[in-house]
>>> print(open('start_19.cif').read())   # mmCIF, C-alpha atoms
data_entry
#
loop_
_atom_site.label_atom_id
_atom_site.label_comp_id
_atom_site.auth_asym_id
_atom_site.auth_seq_id
_atom_site.Cartn_x
_atom_site.Cartn_y
_atom_site.Cartn_z
CA MET A 16 -19.09 6.42 23.08
CA VAL A 17 -20.41 5.01 19.85
CA PRO A 18 -17.84 2.91 18.02
CA CYS A 19 -17.04 4.77 14.85
CA SER A 20 -14.52 2.61 13.05
CA ILE A 21 -14.07 -1.04 12.18
CA HIS A 22 -11.15 -1.11 14.59
CA ASP A 23 -13.38 -0.08 17.53
CA THR A 24 -16.08 -2.58 16.59
CA VAL A 25 -13.55 -5.42 16.43
CA ARG A 26 -12.09 -4.41 19.77
CA ARG A 27 -15.48 -4.21 21.45
CA HIS A 28 -16.46 -7.66 20.18
CA ALA A 29 -13.12 -9.14 21.20
CA PHE A 30 -13.66 -7.71 24.68
CA LEU A 31 -17.11 -9.30 24.94
CA LEU A 32 -15.83 -12.60 23.56
CA VAL A 33 -12.98 -12.85 26.08
CA ARG A 34 -15.46 -12.32 28.90
CA HIS A 35 -17.87 -15.02 27.73
CA PRO A 36 -17.62 -18.46 29.37
CA ALA A 37 -18.58 -20.21 26.12
CA PHE A 38 -15.45 -18.78 24.46
CA LEU A 39 -13.27 -20.36 27.16
CA GLY A 40 -15.16 -23.66 26.78
CA ALA A 41 -14.36 -23.65 23.08
CA VAL A 42 -10.71 -22.69 23.74
CA ILE A 43 -10.20 -25.55 26.23
CA GLY A 44 -11.90 -28.05 23.93
CA ILE A 45 -9.79 -27.21 20.87
CA LEU A 46 -6.49 -26.77 22.74
CA ALA A 47 -6.91 -30.03 24.68
CA ALA A 48 -7.17 -31.83 21.35
CA LEU A 49 -4.17 -29.91 19.97
CA SER A 50 -2.15 -30.73 23.08
CA GLN A 51 -2.93 -34.45 22.72
CA SER A 52 -2.01 -34.34 19.04
CA LEU A 53 1.37 -32.77 19.92
CA LEU A 54 2.32 -34.61 23.11
CA ILE A 55 0.75 -38.07 23.12
CA SER A 56 4.08 -39.73 22.20
CA ALA A 57 5.27 -38.91 25.72
CA GLY A 58 2.51 -41.17 27.09
CA GLY A 59 -1.21 -41.53 27.70
CA PRO A 60 -3.92 -41.44 28.70
CA GLU A 61 -6.04 -40.07 25.90
CA ALA A 62 -8.46 -37.14 26.41
CA TYR A 63 -6.12 -35.83 29.12
CA GLY A 64 -5.40 -32.35 27.73
CA PHE A 65 -6.81 -30.46 30.69
CA CYS A 66 -7.98 -31.60 34.12
CA VAL A 67 -7.67 -29.78 37.40
CA ALA A 68 -7.89 -32.86 39.66
CA CYS A 69 -5.72 -35.29 37.64
CA HIS A 70 -3.12 -32.65 36.86
CA THR A 71 -2.94 -31.67 40.55
CA ARG A 72 -2.42 -35.35 41.40
CA ASP A 73 0.32 -35.62 38.72
CA LEU A 74 2.02 -32.43 39.90
CA VAL A 75 2.04 -33.31 43.61
CA ASN A 76 2.90 -36.98 43.19
CA GLY A 77 5.42 -36.30 40.41
CA VAL A 78 7.30 -33.64 42.38
CA THR A 79 7.17 -35.83 45.51
CA ASN A 80 8.62 -38.73 43.50
CA ILE A 81 11.45 -36.55 42.20
CA LEU A 82 12.28 -35.04 45.60
CA ALA A 83 11.71 -38.05 47.88
CA GLY A 84 12.48 -40.86 45.45
CA SER A 85 9.03 -42.40 46.10
CA SER A 86 6.95 -44.10 43.42
CA LEU A 87 3.44 -42.70 43.87
CA ALA A 88 1.10 -43.48 40.98
CA LEU A 89 0.64 -40.84 38.27
CA ALA A 90 -0.36 -40.72 34.61
CA PRO A 91 2.23 -42.10 32.13
CA ILE A 92 2.56 -38.72 30.37
CA SER A 93 3.74 -37.12 33.62
CA LYS A 94 5.87 -40.11 34.58
CA ASN A 95 7.77 -40.14 31.27
CA ALA A 96 8.20 -36.37 30.89
CA VAL A 97 11.10 -34.46 32.52
CA LEU A 98 8.57 -32.70 34.76
CA PRO A 99 4.89 -33.51 35.35
CA VAL A 100 2.05 -31.56 33.67
CA MET A 101 1.97 -27.93 34.82
CA SER A 102 -1.57 -26.84 33.87
CA VAL A 103 -2.63 -26.11 37.45
CA VAL A 104 0.41 -23.89 38.03
CA GLY A 105 -0.48 -22.17 34.76
CA VAL A 106 -4.09 -21.59 35.82
CA LEU A 107 -2.92 -20.03 39.10
CA ILE A 108 -0.47 -17.74 37.28
CA GLY A 109 -2.92 -16.79 34.52
CA ALA A 110 -5.73 -16.00 36.97
CA TYR A 111 -3.35 -14.04 39.22
CA VAL A 112 -2.11 -11.91 36.31
CA SER A 113 -5.69 -11.30 35.18
CA ALA A 114 -6.87 -10.41 38.69
CA ARG A 115 -3.94 -7.97 39.11
CA VAL A 116 -4.23 -6.37 35.66
CA ASN A 117 -7.98 -5.89 36.06
CA ARG A 118 -7.72 -4.77 39.69
CA GLU A 119 -9.87 -7.60 41.00
CA HIS A 120 -7.33 -8.99 43.45
CA ALA A 121 -8.45 -8.74 47.09
CA VAL A 122 -7.48 -10.90 50.05
CA LYS A 123 -10.57 -12.55 51.54
CA LYS A 124 -10.13 -14.36 54.81
CA GLY A 125 -12.49 -16.82 56.48
CA SER A 126 -12.90 -18.43 59.88
CA PHE A 127 -10.95 -21.48 61.07
CA ARG A 128 -14.12 -23.52 60.52
CA ASP A 129 -14.28 -22.33 56.89
CA TYR A 130 -10.67 -23.34 56.30
CA LEU A 131 -11.29 -26.78 57.76
CA LEU A 132 -14.44 -27.28 55.65
CA TYR A 133 -12.73 -26.16 52.43
CA PHE A 134 -9.71 -28.35 53.18
CA LEU A 135 -11.97 -31.38 53.74
CA GLY A 136 -14.00 -30.47 50.63
CA GLY A 137 -10.86 -30.31 48.47
CA PHE A 138 -9.58 -33.56 49.95
CA LEU A 139 -12.86 -35.40 49.23
CA VAL A 140 -13.32 -33.88 45.76
CA LEU A 141 -9.85 -35.01 44.66
CA ILE A 142 -10.41 -38.55 45.96
CA LEU A 143 -13.85 -38.75 44.33
CA ALA A 144 -12.57 -37.32 41.05
CA MET A 145 -9.71 -39.83 41.00
CA VAL A 146 -12.11 -42.73 41.68
CA PHE A 147 -13.95 -41.71 38.52
CA GLY A 148 -10.79 -40.74 36.63
CA GLY A 149 -11.22 -37.02 36.10
CA CYS A 150 -12.67 -33.75 37.37
CA PRO A 151 -15.68 -32.09 35.68
CA TYR A 152 -13.35 -30.84 32.90
CA ARG A 153 -11.84 -34.15 31.96
CA ALA A 154 -15.36 -35.60 32.16
CA ALA A 155 -16.35 -33.13 29.43
CA LEU A 156 -13.26 -33.96 27.36
CA ARG A 157 -13.92 -37.70 27.75
CA THR A 158 -17.54 -37.18 26.71
CA GLY A 159 -16.31 -35.36 23.62
CA TYR A 160 -13.93 -38.25 23.01
CA GLY A 161 -16.90 -40.63 22.97
CA ASP A 162 -16.83 -42.10 26.48
CA PHE A 163 -20.40 -42.56 27.72
CA ILE A 164 -19.31 -43.28 31.31
CA ALA A 165 -18.12 -39.67 31.51
CA LEU A 166 -21.55 -38.53 30.32
CA LEU A 167 -23.10 -40.47 33.23
CA PHE A 168 -20.68 -38.65 35.56
CA ILE A 169 -21.85 -35.28 34.20
CA VAL A 170 -25.54 -36.19 34.59
CA ALA A 171 -24.92 -37.41 38.15
CA MET A 172 -22.95 -34.23 38.88
CA ALA A 173 -25.84 -32.04 37.65
CA LEU A 174 -28.19 -34.00 39.96
CA GLY A 175 -25.73 -33.54 42.82
CA VAL A 176 -25.70 -29.78 42.18
CA VAL A 177 -29.51 -29.69 42.28
CA ALA A 178 -29.53 -31.70 45.53
CA GLY A 179 -26.87 -29.42 47.05
CA THR A 180 -28.77 -26.28 46.01
CA VAL A 181 -32.04 -27.59 47.49
CA PHE A 182 -30.13 -28.47 50.68
CA MET A 183 -28.77 -24.91 50.91
CA LEU A 184 -32.21 -23.38 50.28
CA LYS A 185 -33.79 -25.56 52.99
CA ARG A 186 -31.05 -24.62 55.45
CA ALA A 187 -31.49 -20.92 54.69
CA GLU A 188 -35.27 -21.24 55.25
CA ARG A 189 -34.68 -22.91 58.61
CA GLU A 190 -32.34 -20.13 59.66
CA ASP A 191 -34.88 -17.50 58.62
CA ALA A 192 -37.70 -19.13 60.60
CA MET B 22 0.86 -46.82 21.69
CA ALA B 23 -0.32 -43.62 20.16
CA THR B 24 2.09 -41.40 18.25
CA GLY B 25 1.85 -37.63 18.33
CA VAL B 26 3.30 -34.90 16.11
CA LEU B 27 6.37 -34.45 18.31
CA PRO B 28 8.77 -37.42 18.59
CA VAL B 29 9.17 -38.97 22.06
CA GLU B 30 12.50 -37.27 22.87
CA ILE B 31 11.05 -33.79 22.24
CA ALA B 32 7.59 -34.55 23.68
CA VAL B 33 9.00 -35.49 27.10
CA LEU B 34 10.70 -32.07 27.23
CA ALA B 35 7.69 -30.19 25.85
CA VAL B 36 5.07 -31.58 28.29
CA PRO B 37 5.66 -29.12 31.18
CA ALA B 38 6.07 -26.10 28.88
CA VAL B 39 3.02 -26.75 26.69
CA THR B 40 0.75 -27.57 29.65
CA LEU B 41 2.00 -24.48 31.52
CA LEU B 42 1.19 -22.19 28.57
CA LEU B 43 -2.21 -23.82 28.15
CA GLY B 44 -2.86 -23.34 31.86
CA VAL B 45 -1.91 -19.64 31.81
CA LEU B 46 -4.30 -18.96 28.93
CA ILE B 47 -7.12 -20.94 30.58
CA GLY B 48 -6.50 -19.27 33.96
CA TYR B 49 -6.57 -15.78 32.42
CA LEU B 50 -9.81 -16.42 30.52
CA ALA B 51 -11.38 -18.23 33.49
CA GLN B 52 -10.75 -15.20 35.72
CA ARG B 53 -12.27 -12.89 33.11
CA SER B 54 -15.36 -14.98 32.46
CA GLY B 55 -16.18 -16.64 35.81
CA PHE B 56 -16.15 -20.02 34.05
CA CYS B 57 -17.43 -22.81 36.33
CA SER B 58 -19.04 -26.16 35.62
CA ILE B 59 -20.85 -26.45 38.93
CA GLY B 60 -21.93 -22.80 38.95
CA GLY B 61 -23.44 -23.27 35.49
CA PHE B 62 -25.80 -26.02 36.62
CA ARG B 63 -26.57 -24.12 39.86
CA ASP B 64 -27.48 -20.85 38.11
CA TYR B 65 -29.61 -22.69 35.59
CA PHE B 66 -31.48 -24.56 38.32
CA LEU B 67 -32.00 -21.48 40.52
CA PHE B 68 -32.54 -18.64 38.03
CA ARG B 69 -32.67 -20.26 34.56
CA HIS B 70 -29.50 -18.28 33.75
CA THR B 71 -27.61 -19.92 30.92
CA ARG B 72 -24.50 -17.74 30.66
CA ILE B 73 -22.16 -19.81 32.83
CA LEU B 74 -23.73 -23.12 31.79
CA SER B 75 -23.02 -22.22 28.16
CA GLY B 76 -19.30 -22.42 28.97
CA TYR B 77 -19.47 -26.02 30.12
CA LEU B 78 -21.77 -27.06 27.26
CA ALA B 79 -19.42 -25.34 24.78
CA LEU B 80 -16.55 -27.31 26.32
CA ILE B 81 -18.31 -30.62 25.63
CA VAL B 82 -19.28 -29.67 22.07
CA PHE B 83 -15.93 -28.12 21.15
CA SER B 84 -13.89 -30.93 22.68
CA PHE B 85 -15.78 -33.28 20.35
CA LEU B 86 -15.16 -30.96 17.39
CA GLY B 87 -11.51 -30.46 18.41
CA TYR B 88 -10.85 -34.17 18.75
CA LEU B 89 -12.68 -34.78 15.45
CA LEU B 90 -10.53 -32.14 13.73
CA PHE B 91 -7.22 -33.44 15.08
CA TRP B 92 -8.33 -37.03 14.52
CA THR B 93 -8.63 -36.25 10.81
CA LEU B 94 -5.29 -34.38 10.83
CA THR B 95 -3.26 -36.76 13.04
CA PRO B 96 -5.16 -40.07 13.36
CA ALA B 97 -2.18 -41.77 15.06
CA ALA B 98 -2.46 -39.43 18.05
CA MET B 99 -6.19 -40.17 18.56
CA GLU B 100 -5.99 -43.94 18.77
CA HIS B 101 -9.33 -44.56 20.52
CA PHE B 102 -11.43 -41.77 19.04
CA PHE B 103 -14.46 -42.26 19.03
CA TRP B 104 -14.27 -44.23 22.31
CA ALA B 105 -17.77 -45.78 22.12
CA LEU B 106 -16.96 -47.22 18.67
CA THR B 107 -13.33 -48.26 19.18
CA SER B 108 -13.46 -49.54 22.78
CA GLY B 109 -17.14 -50.17 23.52
CA PRO B 110 -19.27 -47.55 25.23
CA PHE B 111 -18.86 -48.75 28.82
CA THR B 112 -15.29 -50.04 28.98
CA PRO B 113 -13.24 -48.53 31.80
CA VAL B 114 -10.89 -45.77 30.67
CA PRO B 115 -7.22 -45.55 31.54
CA GLY B 116 -6.73 -43.25 34.51
CA ALA B 117 -9.52 -44.71 36.66
CA PRO B 118 -8.66 -47.60 39.02
CA ALA B 119 -7.73 -50.57 36.80
CA GLY B 120 -8.91 -54.17 36.78
CA LEU B 121 -12.65 -53.47 37.09
CA GLY B 122 -15.59 -54.37 34.87
CA PRO B 123 -18.16 -52.08 33.21
CA ALA B 124 -20.66 -52.27 36.10
CA ALA B 125 -18.00 -51.04 38.51
CA SER B 126 -17.02 -48.23 36.13
CA ILE B 127 -20.60 -47.02 35.93
CA LEU B 128 -21.00 -47.10 39.72
CA LEU B 129 -17.65 -45.37 40.17
CA ALA B 130 -18.77 -42.62 37.80
CA VAL B 131 -22.29 -42.03 39.11
CA ILE B 132 -21.56 -42.03 42.87
CA PRO B 133 -18.52 -39.70 42.73
CA GLY B 134 -20.32 -37.52 40.16
CA PHE B 135 -23.24 -36.92 42.49
CA LEU B 136 -21.00 -36.27 45.49
CA VAL B 137 -18.65 -33.93 43.59
CA GLY B 138 -21.68 -31.89 42.47
CA PHE B 139 -23.08 -31.79 46.00
CA ILE B 140 -19.82 -30.82 47.74
CA CYS B 141 -18.72 -28.30 45.15
CA VAL B 142 -22.00 -26.40 45.07
CA LEU B 143 -21.87 -26.05 48.88
CA LEU B 144 -18.32 -24.66 48.63
CA GLY B 145 -19.29 -22.31 45.80
CA GLY B 146 -17.31 -23.68 42.90
CA CYS B 147 -15.72 -26.52 41.00
CA PRO B 148 -11.94 -27.12 41.15
CA ILE B 149 -11.06 -24.56 38.44
CA ARG B 150 -13.16 -21.86 40.10
CA GLN B 151 -11.42 -22.62 43.42
CA ALA B 152 -8.03 -22.20 41.71
CA VAL B 153 -9.12 -18.88 40.19
CA MET B 154 -10.52 -17.66 43.52
CA THR B 155 -7.22 -18.60 45.17
CA SER B 156 -5.39 -16.38 42.67
CA GLU B 157 -7.88 -13.59 43.38
CA GLY B 158 -6.81 -13.72 47.02
CA ASN B 159 -9.47 -15.98 48.57
CA ILE B 160 -7.79 -17.86 51.43
CA ARG B 161 -10.67 -20.34 51.84
CA ALA B 162 -10.27 -21.49 48.23
CA ALA B 163 -6.54 -21.87 48.87
CA PHE B 164 -7.40 -24.39 51.58
CA PHE B 165 -9.52 -26.26 49.02
CA LEU B 166 -6.44 -26.56 46.78
CA LEU B 167 -4.34 -27.59 49.76
CA GLY B 168 -6.85 -30.34 50.50
CA MET B 169 -6.58 -31.54 46.89
CA GLY B 170 -2.79 -31.55 47.16
CA VAL B 171 -2.75 -33.54 50.40
CA ALA B 172 -5.29 -36.03 48.99
CA SER B 173 -3.10 -36.80 45.94
CA PRO B 174 -0.50 -39.07 47.60
CA VAL B 175 -3.18 -40.46 49.95
CA PHE B 176 -5.25 -41.59 46.98
CA ALA B 177 -2.28 -43.12 45.19
CA ALA B 178 -0.96 -44.92 48.27
CA PHE B 179 -4.16 -46.18 49.91
CA VAL B 180 -7.59 -45.30 48.51
CA SER B 181 -7.00 -46.57 44.98
CA GLY B 182 -6.20 -50.06 46.32
CA TRP B 183 -9.17 -50.04 48.69
CA ILE B 184 -11.60 -49.14 45.89
CA VAL B 185 -10.35 -51.95 43.65
CA PHE B 186 -10.48 -54.42 46.57
CA LEU B 187 -14.01 -53.32 47.52
CA ALA B 188 -15.31 -53.55 43.94
CA LYS B 189 -13.73 -56.98 43.43
CA SER B 190 -15.19 -58.29 46.71
CA LEU B 191 -18.60 -57.17 45.41
CA GLY B 192 -18.01 -59.28 42.29
CA LEU B 193 -17.45 -56.29 39.95
CA GLY B 194 -13.95 -57.24 38.75
CA ALA B 195 -13.02 -57.36 35.07
#
>>> encode(input="start_19.cif", output="structure tokens")
Amino acid sequence: MVPCSIHDTVRRHAFLLVRHPAFLGAVIGILAALSQSLLISAGGPEAYGFCVACHTRDLVNGVTNILAGSSLALAPISKNAVLPVMSVVGVLIGAYVSARVNREHAVKKGSFRDYLLYFLGGFLVLILAMVFGGCPYRAALRTGYGDFIALLFIVAMALGVVAGTVFMLKRAEREDA
Amino acid sequence: MATGVLPVEIAVLAVPAVTLLLGVLIGYLAQRSGFCSIGGFRDYFLFRHTRILSGYLALIVFSFLGYLLFWTLTPAAMEHFFWALTSGPFTPVPGAPAGLGPAASILLAVIPGFLVGFICVLLGGCPIRQAVMTSEGNIRAAFFLLGMGVASPVFAAFVSGWIVFLAKSLGLGA
């Protein structure tokens, strides 16, 4: 159907925009800055608006501290607030709603070996991200904030991706032969 | 201490709500677009596809623009913007293990960076992609998140101290 009114054209472009990764990149960038501008009085660190690894750490350690009375380390903003940062819970809810609404929700199971590998992978990725002080997303925010160490992280990550891809290709070739 | 738009008493209440709303929006858009930092570099390397990579590059550019915008609007909330000029380009940031010098910070960025890239590309996605796949019903990705959750207290209780000890023994302390 050819769009025949301004209304249709706007709707079609909005649809394409929402589905483009660059739009989400821009949304996270701007909203992370807005969130810091609003909330930083509660505590630092800076350039902390969105991070999957750090915010998971804050959520798990913060809730554990509240329930068990422990004092596991977490970012000041989550320590001072009534509850820790909830971005990861939000991402899970948002993606679930989207998957349901757009009929893309389907349970995919794996083998026991898969589960073990993914568990180990998640475990290692969180530890490594915390050693650096952020996941790929906070690395991007920190780069935007002017931190060159984060830029080194991104370059190293790109090289790691290339090495991992080559490794997978080599393994696939061996299996074919 | 940086001061934001909201006073402390309100900010401490607003933190969970604002971050939750932000997360819902990001999660919805991430599911729609297939946004992934690792996948972007992978697709570019394999097929020269730039669609997913454009998301990550836009994030870097727009976070700079966003911080610049809000730095002009609320300078008190952006105390150390632009980091390289206010704190020196290679000073350790808050959030990473404390008490280490610049050489340690660079090492602790490059080594984890490489390994995160390597591991994540083998498992088919960066942390946000794993979260989105979990919501789509992928049980393997759910185990990735579980691993991240279990690692959180382990890092805080043990690994953080070990890293600082190791770096200081190598003469990389602050």
>>> axis_aligned_box(input="start_19.cif", around="stretch 147-157 of chain A", padding_each_side="3 Å", output="AutoDock Vina command-line options")
--center_x -13.6 --center_y -36.3 --center_z 32.9 --size_x 11.6 --size_y 16.9 --size_z 17.2
>>> residues_near_point(input="start_19.cif", point="(-21.3, -21.4, 37.9)", cutoff="10 Å", atoms="all atoms listed in the file", output="JSON, numbers by chain")
{"A": [36], "B": [55, 56, 57, 58, 59, 60, 61, 62, 63, 64, 65, 70, 71, 72, 73, 74, 75, 76, 77, 142, 145, 146, 147, 150]}
>>> write_last_selection(input="start_19.cif", atoms="C-alpha atoms", output="PDB file, keeping the file's coordinate frame")
ATOM      1  CA  PRO A  36     -17.620 -18.460  29.370  1.00  0.00           C
TER       2      PRO A  36
ATOM      3  CA  GLY B  55     -16.180 -16.640  35.810  1.00  0.00           C
ATOM      4  CA  PHE B  56     -16.150 -20.020  34.050  1.00  0.00           C
ATOM      5  CA  CYS B  57     -17.430 -22.810  36.330  1.00  0.00           C
ATOM      6  CA  SER B  58     -19.040 -26.160  35.620  1.00  0.00           C
ATOM      7  CA  ILE B  59     -20.850 -26.450  38.930  1.00  0.00           C
ATOM      8  CA  GLY B  60     -21.930 -22.800  38.950  1.00  0.00           C
ATOM      9  CA  GLY B  61     -23.440 -23.270  35.490  1.00  0.00           C
ATOM     10  CA  PHE B  62     -25.800 -26.020  36.620  1.00  0.00           C
ATOM     11  CA  ARG B  63     -26.570 -24.120  39.860  1.00  0.00           C
ATOM     12  CA  ASP B  64     -27.480 -20.850  38.110  1.00  0.00           C
ATOM     13  CA  TYR B  65     -29.610 -22.690  35.590  1.00  0.00           C
ATOM     14  CA  HIS B  70     -29.500 -18.280  33.750  1.00  0.00           C
ATOM     15  CA  THR B  71     -27.610 -19.920  30.920  1.00  0.00           C
ATOM     16  CA  ARG B  72     -24.500 -17.740  30.660  1.00  0.00           C
ATOM     17  CA  ILE B  73     -22.160 -19.810  32.830  1.00  0.00           C
ATOM     18  CA  LEU B  74     -23.730 -23.120  31.790  1.00  0.00           C
ATOM     19  CA  SER B  75     -23.020 -22.220  28.160  1.00  0.00           C
ATOM     20  CA  GLY B  76     -19.300 -22.420  28.970  1.00  0.00           C
ATOM     21  CA  TYR B  77     -19.470 -26.020  30.120  1.00  0.00           C
ATOM     22  CA  VAL B 142     -22.000 -26.400  45.070  1.00  0.00           C
ATOM     23  CA  GLY B 145     -19.290 -22.310  45.800  1.00  0.00           C
ATOM     24  CA  GLY B 146     -17.310 -23.680  42.900  1.00  0.00           C
ATOM     25  CA  CYS B 147     -15.720 -26.520  41.000  1.00  0.00           C
ATOM     26  CA  ARG B 150     -13.160 -21.860  40.100  1.00  0.00           C
TER      27      ARG B 150
END
>>> atom_distance(input="start_19.cif", atom1="atom CA of A:Phe163", atom2="atom CA of B:Ile132")
15.2 Å
>>> resolve_selection(input="start_19.cif", expression="the PyMOL selection byres ((chain A and resi 125-135) around 8)", output="list in words")
Lys123, Lys124, Gly136, Gly137, Phe138 and Leu139 of chain A; Leu144, Ile160, Arg161, Ala162, Phe164, Phe165, Leu166, Leu167, Gly168 and Met169 of chain B
>>> resolve_selection(input="start_19.cif", expression="the PyMOL selection byres ((chain A and resi 169) around 8)", output="list in words")
Pro151, Ala154, Ala155, Ala165, Leu166, Leu167, Phe168, Val170, Ala171, Met172 and Ala173 of chain A; Gly134 of chain B
>>> resolve_selection(input="start_19.cif", expression="the PyMOL selection byres ((chain B and resi 82) around 12)", output="ChimeraX atom specification")
/A:37-38,40-45,155-161 /B:75-81,83-89
>>> residues_around(input="start_19.cif", residues="A:Val75", least_positions_apart="6", cutoff="9 Å", atoms="all atoms listed in the file", output="PyMOL selection string")
(chain A and resi 99) or (chain B and resi 170-171+173-174)
>>> write_last_selection(input="start_19.cif", atoms="C-alpha atoms", output="mmCIF file, in the frame of the given file")
data_model
loop_
_atom_site.group_PDB
_atom_site.id
_atom_site.type_symbol
_atom_site.label_atom_id
_atom_site.label_comp_id
_atom_site.auth_asym_id
_atom_site.auth_seq_id
_atom_site.Cartn_x
_atom_site.Cartn_y
_atom_site.Cartn_z
ATOM 1 C CA PRO A 99 4.890 -33.510 35.350
ATOM 2 C CA GLY B 170 -2.790 -31.550 47.160
ATOM 3 C CA VAL B 171 -2.750 -33.540 50.400
ATOM 4 C CA SER B 173 -3.100 -36.800 45.940
ATOM 5 C CA PRO B 174 -0.500 -39.070 47.600
#
>>> residues_around(input="start_19.cif", residues="A:Asn117", least_positions_apart="3", cutoff="12 Å", atoms="only C-alpha atoms", output="mmCIF file with C-alpha atoms, in the frame of the given file")
data_model
loop_
_atom_site.group_PDB
_atom_site.id
_atom_site.type_symbol
_atom_site.label_atom_id
_atom_site.label_comp_id
_atom_site.auth_asym_id
_atom_site.auth_seq_id
_atom_site.Cartn_x
_atom_site.Cartn_y
_atom_site.Cartn_z
ATOM 1 C CA ALA A 110 -5.730 -16.000 36.970
ATOM 2 C CA TYR A 111 -3.350 -14.040 39.220
ATOM 3 C CA VAL A 112 -2.110 -11.910 36.310
ATOM 4 C CA SER A 113 -5.690 -11.300 35.180
ATOM 5 C CA ALA A 114 -6.870 -10.410 38.690
ATOM 6 C CA HIS A 120 -7.330 -8.990 43.450
ATOM 7 C CA ALA A 121 -8.450 -8.740 47.090
ATOM 8 C CA TYR B 49 -6.570 -15.780 32.420
ATOM 9 C CA GLN B 52 -10.750 -15.200 35.720
ATOM 10 C CA ARG B 53 -12.270 -12.890 33.110
ATOM 11 C CA GLU B 157 -7.880 -13.590 43.380
#
>>> closest_atom_pairs(input="start_19.cif", of="stretch 79-177 of chain A", to="stretch 28-31 of chain B", cutoff="12 Å", atoms="all atoms listed in the file", output="tab-separated table")
residue	atom	partner	partner_atom	distance
A:Ile92	CA	B:Val29	CA	10.6
A:Asn95	CA	B:Val29	CA	9.4
A:Ala96	CA	B:Glu30	CA	9.1
A:Val97	CA	B:Glu30	CA	10.1
>>> decode(input="start_19.cif", residues="stretch 139-143 of chain A", atoms="all heavy atoms", output="tab-separated table (two decimals), in the first residue's frame")
chain	number	residue	atom	x	y	z
A	139	LEU	N	32.21	-15.03	34.18
A	139	LEU	CA	33.48	-14.41	33.80
A	139	LEU	C	33.27	-12.99	33.27
A	139	LEU	O	34.03	-12.08	33.60
A	139	LEU	CB	34.18	-15.26	32.73
A	139	LEU	CG	34.83	-16.54	33.24
A	139	LEU	CD1	35.38	-17.35	32.09
A	139	LEU	CD2	35.95	-16.19	34.22
A	140	VAL	N	32.23	-12.80	32.46
A	140	VAL	CA	32.02	-11.47	31.86
A	140	VAL	C	31.74	-10.45	32.96
A	140	VAL	O	32.26	-9.33	32.93
A	140	VAL	CB	30.87	-11.52	30.83
A	140	VAL	CG1	30.38	-10.12	30.50
A	140	VAL	CG2	31.34	-12.21	29.56
A	141	LEU	N	30.95	-10.81	33.98
A	141	LEU	CA	30.70	-9.85	35.05
A	141	LEU	C	31.98	-9.52	35.79
A	141	LEU	O	32.28	-8.35	36.04
A	141	LEU	CB	29.65	-10.35	36.05
A	141	LEU	CG	29.35	-9.19	36.99
A	141	LEU	CD1	27.97	-8.64	36.78
A	141	LEU	CD2	29.62	-9.49	38.42
A	142	ILE	N	32.78	-10.54	36.13
A	142	ILE	CA	34.04	-10.28	36.84
A	142	ILE	C	34.95	-9.38	36.01
A	142	ILE	O	35.48	-8.38	36.51
A	142	ILE	CB	34.76	-11.62	37.15
A	142	ILE	CG1	33.88	-12.52	38.01
A	142	ILE	CG2	36.14	-11.38	37.75
A	142	ILE	CD1	34.14	-12.53	39.46
A	143	LEU	N	35.09	-9.72	34.72
A	143	LEU	CA	35.97	-8.93	33.85
A	143	LEU	C	35.47	-7.50	33.71
A	143	LEU	O	36.24	-6.54	33.75
A	143	LEU	CB	36.09	-9.59	32.48
A	143	LEU	CG	36.84	-10.92	32.46
A	143	LEU	CD1	36.57	-11.68	31.17
A	143	LEU	CD2	38.34	-10.68	32.63
